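Asker: Handing you a structure now.
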Amino acid sequence: MNNPVATNRKREYRIALELMTDKLQASRYSDATVKTYHFMFREFLRFVYPTPLHQVNKVHLQQYHVMLIREKNISRSYQNQSVNALKFYLERVLGQERQYIDLERPKKIQQLPQVLSMEEVKQILSNTNNIKHEAMLTTIYSAGLRVGELINLKIADIDSDGMRIWVREGKGVKDRLTVLSPKLLELLRSYFLKYRPEEYLFEGPEGGKYSASSLRKFLQRAVKKAGIRKKVVPHTLRHSFATGPTIRHLLENGTNLRYIQSLLGHTNPKTTEIYTHVTTKSLNEVKSPLDMM
């Protein structure tokens with residue numbers, strides 16, 4: 001026989017998850033963030049079940065994260081994402097005042113991410129299966145894009161007159177400009193003539209945005225064929241742009257760090273500072289690392 005209390009509680013939790021997702025999407029958060037926050041909130045609900053949501057308080061949050069640390073040995077990044085997801089629900093969905101959650105918010109270890117040499121990038125690009133795959137990976141590396149920024153690029157975002165790329169609603173829902181390499185433009189024109197995309201620069205077999213998971217898969221194939229043993233993901237190409245000669249040249253010539261922050265699309269300047277350990281004006285002065293190969 002069904003337990004009406006359990007049934008009602010599950011319905012309450014399901015509605016809460018739906019409200020969370022709706023609010024994230026209405027706030028124009030990225031698909032990746034929506035998915036992550038949904039997962040984090042769902043895991044918390046499993047922990048507090050069958051407590052009514054109106055009875056959930058900071059003590060539950062504290063107990064939950066202590067459990068995650070002790071029993072599941074979660075990473076610093078995971079803990080911060082979980083706290084942010086729960087704060088989003090309390091503040092943005094329920095409309096409560098800004099929450100101060102008395103948790104140990106671990107500092108993210110500031111270490112330089114895995115990067116590739118120019119020769120390694122060349123090897124990866126030369127081991128792609130077709131010009132579309134080559135163009136996608138080259139665009140990430142050449143312009144320092146995130147995966148989501150790449151798959152959201154539209155044909156109109158390529159400004160061949162100004163030799164720049166418009167990144168619309170990147171991380172933090174902000175537009176920015178980045179460099180368009182002459183070599184990349186030539187490659188994109190060849191790609192365009194062959195594939196004839198209609199709206200997005202890189203479209204899937206059935207049209208619409210290209211799949212991020214498919215991109216990761218063909219990148220892994222290219223890395224394996226190139227014989228590179230480093231752990232390489234699409235973001236590795238962006239990191240390689242950010243640590244390459246372009247950024248070093250800007251730093252060495254005294255370019256304001258805020259400009260480099262804008263070029264990379266960093267919200268927090270501390271993120272940009274990770275790359276400035278190497279040495280311490282305009283977009284027309286920036287060259288893509290692709291042009292230095």
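To be explicit about the labels: the chains of the structure tokens are called A, B, and onward in the order shown, and within each one the residues are counted from 1, while ligands get numbers from 1 in the order they are shown.
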For range 3-14 of chain A, work out the shell of residues within 8 Å, counting only C-alpha atoms and skipping chain neighbours fewer than 2 positions away, then give it as number ranges by chain.
Answerer: A: 1, 16-18, 45, 50, 52-53
Asker: Between A:Met67, A:Lys132, A:Val83, A:Val48, which is the closest to Pro205 in chain A once you count only C-alpha atoms?
Answerer: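 Closest to Pro205 in chain A, using only C-alpha atoms: A:Lys132.
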Asker: By how many Å are CA of Ala85 in chain A and CA of Val66 in chain A apart?
Answerer: 16.3 Å
Asker: With distances taken over only C-alpha atoms, which residue among A:Ala26, A:Leu137, A:Ile124, A:Leu185 lies nearest Asp161 in chain A?
Answerer: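 Counting only C-alpha atoms, the residue closest to Asp161 in chain A is A:Leu185.
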Asker: Between CA of Leu153 in chain A and CA of Thr21 in chain A, what is the distance, to one decimal in Å?
Answerer: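 CA of Leu153 in chain A sits 24.0 Å away from CA of Thr21 in chain A.
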Asker: Leaving out Met163 in chain A and any residue of its chain fewer than 6 positions from it, which residues lie within 9 Å of it when counting only C-alpha atoms, given as JSON, numbers by chain?
Answerer: {"A": [179, 180, 181, 182, 185, 284]}
Asker: Write a file of the selected residues as a JSON list (two decimals), in the first residue's frame, keeping C-alpha atoms.
Answerer:
```
[["chain", "number", "residue", "atom", "x", "y", "z"],
["A", 179, "VAL", "CA", 41.25, 37.24, -31.97],
["A", 180, "LEU", "CA", 40.57, 35.74, -35.42],
["A", 181, "SER", "CA", 43.70, 34.26, -36.92],
["A", 182, "PRO", "CA", 44.17, 34.66, -40.69],
["A", 185, "LEU", "CA", 39.82, 32.22, -41.28],
["A", 284, "ASN", "CA", 44.75, 44.37, -33.31]]
```
Asker: Report the distance between CA of Asn127 in chain A and CA of Lys224 in chain A in Å, rounded to one decimal place.
Answerer: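 Distance between the two atoms: 8.9 Å.
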Asker: Calculated over only C-alpha atoms, which of the candidates A:Ser142, A:Asn130, A:Thr33, A:Ser190 has the smallest distance to Phe88 in chain A?
Answerer: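 Looking at the shortest contact to Phe88 in chain A, the residue is A:Thr33.
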